[in-house]
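K.L.:
So that you have it, the file is query_33.tsv, and it contains TSV, C-alpha atoms:
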chain	number	residue	atom	x	y	z
L	500	ASN	CA	74.07	174.06	161.29
L	501	HIS	CA	70.77	172.85	159.92
L	502	GLU	CA	70.26	169.92	162.26
L	503	ASN	CA	66.93	169.44	163.93
L	504	PHE	CA	68.24	169.63	167.51
L	505	ASN	CA	64.89	168.66	169.03
L	506	TYR	CA	64.77	165.48	166.94
L	507	ILE	CA	68.38	164.63	167.78
L	508	LYS	CA	67.63	165.02	171.51
L	509	GLU	CA	64.58	162.80	171.07
L	510	LEU	CA	66.78	160.10	169.50
L	511	MET	CA	69.39	160.44	172.24
L	512	ASP	CA	66.75	159.99	174.94
L	513	LYS	CA	65.59	156.61	173.57
L	514	PRO	CA	66.57	153.54	175.59
L	515	ASN	CA	69.80	151.89	174.37
L	516	SER	CA	70.68	154.89	172.20
L	517	ASN	CA	74.38	155.14	171.43
L	518	LEU	CA	74.03	158.63	169.99
L	519	ILE	CA	75.79	161.47	171.81
L	520	ALA	CA	76.14	165.17	171.13
L	521	LEU	CA	79.73	166.35	171.45
L	522	SER	CA	80.17	169.38	173.68
L	523	ALA	CA	82.93	171.96	173.49
L	524	GLY	CA	85.66	171.49	176.05
L	525	GLN	CA	84.80	167.95	177.11
L	526	ILE	CA	87.22	165.08	176.65
L	527	TYR	CA	85.89	161.85	175.15
L	528	LYS	CA	88.04	158.71	175.54
L	529	PHE	CA	88.18	155.73	173.23
L	530	PRO	CA	89.02	152.23	174.49
L	531	ASP	CA	92.57	152.55	173.09
L	532	LYS	CA	93.08	155.72	175.24
L	533	THR	CA	92.85	158.10	172.27
L	534	THR	CA	91.18	161.34	173.37
L	535	LEU	CA	88.89	163.62	171.41
L	536	THR	CA	87.31	167.00	172.00
L	537	ALA	CA	85.00	169.00	169.77
L	538	LEU	CA	84.18	172.52	168.74
L	539	PRO	CA	80.64	172.17	167.43
L	540	GLY	CA	78.91	175.00	165.62
L	541	VAL	CA	79.90	177.78	163.28
L	542	TYR	CA	81.35	181.25	163.80
L	543	SER	CA	79.10	184.29	164.09
L	544	PRO	CA	80.53	187.70	165.02
L	545	TYR	CA	77.31	188.42	166.92
L	546	PHE	CA	77.17	185.22	169.00
L	547	TYR	CA	80.94	184.79	169.47
L	548	GLU	CA	81.05	187.21	172.40
L	549	GLN	CA	77.57	186.41	173.74
L	550	GLY	CA	77.21	182.65	173.28
L	551	GLY	CA	73.90	180.99	174.04
L	552	LYS	CA	72.98	179.68	170.60
L	553	THR	CA	73.34	175.97	169.85
L	554	LYS	CA	74.56	176.28	166.28
L	555	TYR	CA	77.26	178.90	167.00
L	556	TYR	CA	80.40	178.55	169.07
L	557	SER	CA	81.42	181.26	171.49
L	558	LYS	CA	84.63	182.71	172.89
L	559	LYS	CA	83.96	180.68	176.04
L	560	ASP	CA	83.82	177.47	173.93
L	561	ILE	CA	87.19	178.32	172.36
L	562	GLU	CA	88.70	178.93	175.79
L	563	LYS	CA	87.42	175.55	177.04
L	564	VAL	CA	89.00	173.74	174.08
L	565	LEU	CA	92.31	175.62	174.36
L	566	ALA	CA	92.55	174.71	178.04
L	567	LEU	CA	92.58	171.02	177.04
L	568	GLU	CA	95.21	171.40	174.30
L	569	PRO	CA	98.07	169.29	175.67
L	570	ASN	CA	95.71	166.46	176.70
L	571	VAL	CA	93.77	165.84	173.49
L	572	ASP	CA	94.72	163.73	170.47
L	573	ILE	CA	91.88	164.74	168.10
L	574	LEU	CA	90.01	168.04	167.67
L	575	LEU	CA	86.77	167.66	165.74
L	576	THR	CA	85.28	170.87	164.32
L	577	HIS	CA	82.28	171.73	162.21
L	578	GLU	CA	84.13	174.38	160.21
L	579	ALA	CA	87.45	173.95	158.42
L	580	PRO	CA	90.42	176.01	159.67
L	581	ILE	CA	91.22	179.27	157.87
L	582	GLY	CA	92.96	178.55	154.59
L	583	ILE	CA	91.41	175.11	154.11
L	584	GLY	CA	88.48	174.52	151.80
L	585	VAL	CA	86.78	176.61	149.15
L	586	LYS	CA	88.92	179.35	147.64
L	587	LYS	CA	87.50	182.65	146.47
L	588	ASN	CA	88.32	183.80	142.95
Please rewrite the model in this file as structure tokens.
P.N.:
Amino acid sequence: NHENFNYIKELMDKPNSNLIALSAGQIYKFPDKTTLTALPGVYSPYFYEQGGKTKYYSKKDIEKVLALEPNVDILLTHEAPIGIGVKKN
């Protein structure tokens, strides 16, 4: 969530760049036919319903990813699923 998105876009726009930004709800295919989709960003109760901010995912992003569910091998997320990761004391 602290990426410099302008700098990343600048790098992506360079000739022969192999850098891509993964978008929610798009399928990316590897040469071996493995498929991947992504849910970039983090959750915010404010932006979840509205969308429109690069570093937050929205309800619309979730719906796009869910629509692909039977056709995707790998789901790449920025945040860990509930119950995985740091535990509160």
K.L.:
Under the rule of at most 8 Å, produce a per-residue listing of range 544-570 of chain L near range 513-523 of chain L: chain, number, name, the closest pair of atoms, and the distance in Å, as CSV, using all atoms listed in the file.
P.N.:
residue,atom,partner,partner_atom,distance
L:Asp560,CA,L:Ala523,CA,5.6
L:Ile561,CA,L:Ala523,CA,7.7
L:Lys563,CA,L:Ala523,CA,6.8
L:Val564,CA,L:Ala523,CA,6.4
K.L.:
Please provide as an MDAnalysis selection string all residues within 10 Å of Leu565 in chain L, with the sequence filter that same-chain residues fewer than 6 positions apart are discarded (counting only C-alpha atoms).
P.N.:
chainID L and resid 524 559 571
K.L.:
Counting only C-alpha atoms, find the residues whose atoms lie at most 8 Å from (87.1, 169.4, 169.4) (file coordinates) and write them out as a list in words.
P.N.:
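Checking each residue against the 8 Å limit leaves Ala523, Gly524, Leu535, Thr536, Ala537, Leu538, Pro539, Val564, Ile573, Leu574, Leu575 and Thr576 of chain L.
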K.L.:
Report, in Å with one decimal, the straight-line distance from CA of Asp572 in chain L to CA of Thr534 in chain L.
P.N.:
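Going from CA of Asp572 in chain L over to CA of Thr534 in chain L covers 5.2 Å.
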K.L.:
So which one's closest to Lys554 in chain L, L:Asp512, L:Glu568, L:Glu578, L:Asp531? Using only C-alpha atoms, please.
P.N.:
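Of all the options, L:Glu578 lies closest to Lys554 in chain L.
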K.L.:
What is the CA of Tyr556 in chain L-CA of Glu502 in chain L distance in Å, reported with one decimal?
P.N.:
15.0 Å
K.L.:
Please provide the set of residues having any atom within 8 Å of Tyr547 in chain L, restricted to all atoms listed in the file, with same-chain residues fewer than 6 positions apart removed, written as a ChimeraX atom specification.
P.N.:
/L:555-558
K.L.:
Could you check how far CA of Ile526 in chain L sits from CA of Met511 in chain L, in Å to one decimal?
P.N.:
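That distance, rounded to one decimal, is 18.9 Å.
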K.L.:
If you take every atom of range 553-560 of chain L that the file lists and fit an axis-aligned box around them with 6 Å extra on each side, what centre and edge lengths come out in Å to one decimal, as JSON?
P.N.:
{"center_x": 79.0, "center_y": 179.3, "center_z": 171.2, "size_x": 23.3, "size_y": 18.7, "size_z": 21.8}
K.L.:
Could you check which of L:Glu562, L:Ala579, L:Tyr542, L:Glu548 is closest to Gln525 in chain L, using only C-alpha atoms?
P.N.:
L:Glu562
